[in-house]
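Asker: Can you keep this structure in mind? I'll have questions shortly.
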Amino acid sequence: MDKKVRVRFAPSPTGPLHIGGVRTALFNYLFARQNDGVMILRIEDTDSNRFVPGAEDYINEALQWLGIGIDEGVREGGNYGPYKQSERRDIYRKYVKQLLDDGKAYIAFDTPEELDAKRKEIANFQYDAKTRGMMRNSLTLPKEEVDALIAAGEKYVVRILIEPNQEVKVNDLIRGEVTVNSSVVDDKVLYKSADDLPTYHLANIVDDHLMEVSHVIRGEEWLPSAPLHVLLYEAFGWKDSMPQFVHLPLLLKPDGKGKLSKRDGDRLGFPVFPLEWHDPVSGDISSGYRERGYLPQAVVNFLALLGWNPGTDQEIFSMDELIKQFSFDHCSKKGAKFDFEKGKWFNHEYLINMDDAELAGIFKPELAKHGVDASQFTDEYITRAVGMIKSRISFVGDIWDNAKFFFQAPTEYAPKDIKKRWKEDTPETMHRLIEVIKGIDDMTSANAEEIVLGWIKDNELHMGNVMNAFRLTVVGECKGPHMFDIAELMGKDEIIARIERGIENIKPVTE
RNA sequence: GGUGGUAUCGUCUAGUGGCCCAGGACGCUGGCCUCUCACGCCGGAAACCGGGGUUCGACUCCCCGUACCACUACCA
């Protein structure tokens, strides 16, 4: 019988969770939900030097915003805690001792300076079967000296003892079997002297085992250390219950080379973080998808398709559809360049399909920011205005620029459009238009259109010139929704007032 | 340098030996619609890294080369 699916997302609280991490979390979540499994959030804070206050809260908030639910974790609780590695010291100590007692690991006294010196001295130096004999460790020093050094308070680390020349096989659900010779795996530090905490490698294996993790789904950057992890499972005697490995392709920079980094966002002008981040030390602010006006569903959809595909032409997926269709069989092996333009398109799609009233609700607070008293307008008015412009924008933040004329009469008129559409005789035509509009009893779009267009035709006026001049007075420029839809919503009085203002203020461009 | 991974339009990708003179999407672009800008609709340009094999047949399998990516810390 297969064991219960239990997966974990295990970020380090060293800063804001970046978008690649979000993608890893998402894939873990999709796989867990698909298999009625458990999603664990484990905080890997074993590097006390890099701890950043606020990072843990940020991770929780970001996952919550995106709808990536956590079943077990620091906040959620669970039967496999603690879920923060810094609170598991005693556990790690016990297992390090087990390795030491079994001769699978040893103590090493080499200082960082000594190691640096060796690296400079010997090309391609690695701490392994070939070199450990020339270092200061419990394998080369007499036992009494080792004991004496420890008793004297000498700092030491624990290293894994790697047997050379073994074929280590890592079975990966995306990449198949990867074989590495153990001779190229070094005697990695398992336990650090610097902060009396294990390294990632040890903590990771112990925790995954104790938390009964069934699938380790993580970024490809971990693939090179996967053989070490397999060897650790063997050293502990846990090989039979070892989790399945899945190494996800990386998210790459849109331009040039390398994996997407935290700094690319500001350099290239798009967010690499789900939420805006205020660095507590430097005070720097990094932009976030949420603050940029992205919808969480759009971000999820976009991310899901970076490295995974459904095998069909479907592009738009709800979370539930993703959960149903997700599969490692359709995960790419290749790193994906991050395409901001496509992300924009996804957001546009979600915006268009969003209910007008809901979108209006999100937009409403923006009015005050632009000095508009929202109480002057009914919710229905705002909803209809938003509904008219949503097809021409990508972000919630774009609404104001495109819809502001609904809430305030133009104070400036686009010179380019004036030049093209505002002629010597235009004011007179506009005066006549006012009279026509005054005579309309029913301002319903279709009706008003029929009357005005009929008048233009009967008088053999130029349709384009009249309508665009009309638009110029109401909108301030030659763009926007259907003119009579605008007129219907704003009402006769407002429309007439704006035409009058236009006649007053628009001066033909001479030259 | 060493080790591992990867290699289809500019980008995300479909393709698991014949259905592919390679399909979809973003972006770009021509047209239609139209009072404008968009949306939408219809069309277009655009790719199998190179060389050897294997095979009746290779984008698909194998080998070599090349390129790219990752790792190579008492960081994760």
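Convention: chains lettered A, B, ... in structure tokens order; per-chain residue numbering from 1; ligands numbered from 1 as shown.
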At a cut-off of 7 Å, list the chain A residues touching chain B, using only C-alpha atoms (C1' of nucleotides), as a VMD selection string.

Answerer: chain A and resid 12 47 124 157 184 189 192 to 194 200 220 to 221 224 258 306 311 313 333 to 334 339 341 to 342 391 to 392 463 to 464 467 to 468 478 to 480

Asker: Considering only alpha helix (DSSP H) as DSSP defines it on the backbone, what residues of range 5-99 of chain A qualify? List them as JSON, numbers by chain.

Answerer: {"A": [19, 20, 21, 22, 23, 24, 25, 26, 27, 28, 29, 30, 31, 32, 33, 34, 55, 56, 57, 58, 59, 60, 61, 62, 63, 64, 65, 66, 89, 90, 91, 92, 93, 94, 95, 96, 97, 98, 99]}

Asker: Would you mind telling me which residue in A:Ser287, A:Tyr95, A:Arg471, A:Lys364 lies nearest to Arg263 in chain A when using only C-alpha atoms?

Answerer: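 Of A:Ser287, A:Tyr95, A:Arg471, A:Lys364, the one nearest Arg263 in chain A is A:Ser287, counting only C-alpha atoms.
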
Asker: What's the 10 Å shell around G44 in chain B, counting only C-alpha atoms (C1' of nucleotides), without same-chain residues fewer than 2 positions away, as a PDB file with C-alpha atoms (C1' of nucleotides), in the first residue's frame?

Answerer:
```
ATOM      1  C1'   U B  29       2.263  41.908 -37.332  1.00  0.00           C
ATOM      2  C1'   G B  30      -1.840  42.443 -41.717  1.00  0.00           C
ATOM      3  C1'   A B  46       8.507  32.932 -36.521  1.00  0.00           C
TER       4        A B  46
END
```

Asker: Go ahead and compute the interatomic distance for CA of Asp57 in chain A and CA of Pro13 in chain A, in Å to one decimal.

Answerer: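 It comes out at 9.0 Å.
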
Asker: Can you tell me, as an MDAnalysis selection string, which residues in range 144-279 of chain A count as strand (DSSP E) by DSSP?

Answerer: chainID A and resid 157:160 167:172 176:181 189:191 215:219 244:248 251:252 277:278

Asker: Which neighbours of Ser86 in chain A fall inside 6 Å, counting only C-alpha atoms (C1' of nucleotides), when residues of the same chain fewer than 2 positions from it are skipped, and could you give them as number ranges by chain?

Answerer: A: 45-46, 84, 88

Asker: Would you save the residues from that selection as a PDB file, in the first residue's frame, using N, CA and C atoms?

Answerer:
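Once written, result-v9.pdb looks like this:
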```
ATOM      1  N   ASP A  45      15.077  27.527   9.741  1.00  0.00           N
ATOM      2  CA  ASP A  45      15.883  28.629  10.249  1.00  0.00           C
ATOM      3  C   ASP A  45      17.144  28.129  10.960  1.00  0.00           C
ATOM      4  N   THR A  46      17.878  27.287  10.283  1.00  0.00           N
ATOM      5  CA  THR A  46      19.100  26.759  10.895  1.00  0.00           C
ATOM      6  C   THR A  46      20.313  27.638  10.625  1.00  0.00           C
ATOM      7  N   LYS A  84       9.396  24.374  13.424  1.00  0.00           N
ATOM      8  CA  LYS A  84      10.462  25.348  13.211  1.00  0.00           C
ATOM      9  C   LYS A  84      11.756  24.670  13.637  1.00  0.00           C
ATOM     10  N   ARG A  88      14.126  22.466  17.275  1.00  0.00           N
ATOM     11  CA  ARG A  88      14.307  21.013  17.221  1.00  0.00           C
ATOM     12  C   ARG A  88      15.744  20.590  17.536  1.00  0.00           C
TER      13      ARG A  88
END
```

Asker: Find the spatial neighbours of range 347-356 of chain A, counting only C-alpha atoms (C1' of nucleotides), within a cut-off of 6 Å - ignore same-chain residues fewer than 5 positions away - and output them as a ChimeraX atom specification.

Answerer: /A:298,383,387,390-391,394

Asker: With a distance cut-off of 12 Å and only C-alpha atoms (C1' of nucleotides), select the neighbouring residues of C61 in chain B, excluding the residue or stretch itself and same-chain residues fewer than 6 positions from it, and output the selection as number ranges by chain.

Answerer: B: 16-17, 53-55

Asker: What does the structure give for the distance between CA of Glu76 in chain A and CA of Asn60 in chain A, in Å to one decimal?

Answerer: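 A separation of 10.6 Å between them.
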
Asker: May I have the residues within 7 Å of U8 in chain B as JSON, numbers by chain, using only C-alpha atoms (C1' of nucleotides) and disregarding those fewer than 3 positions away in the same chain?

Answerer: {"B": [47, 48, 59]}

Asker: Any chance you can output those residues with C-alpha atoms (C1' of nucleotides) as a compact mmCIF listing (two decimals), in the first residue's frame?

Answerer:
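Produced file part17.txt, reproduced below:
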```
# COMPACT_ATOMS: atom_id res chain seq x y z
C1' A B 47 11.51 26.81 -34.05
C1' C B 48 13.16 20.79 -34.06
C1' C B 59 11.85 16.33 -33.32
```

Asker: Go through A:Pro481, A:Gly293, A:Gly15, A:Pro365 and flag the residue nearest Ala55 in chain A, using only C-alpha atoms for the distances.

Answerer: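 Selected residue with least distance to Ala55 in chain A: A:Gly15.
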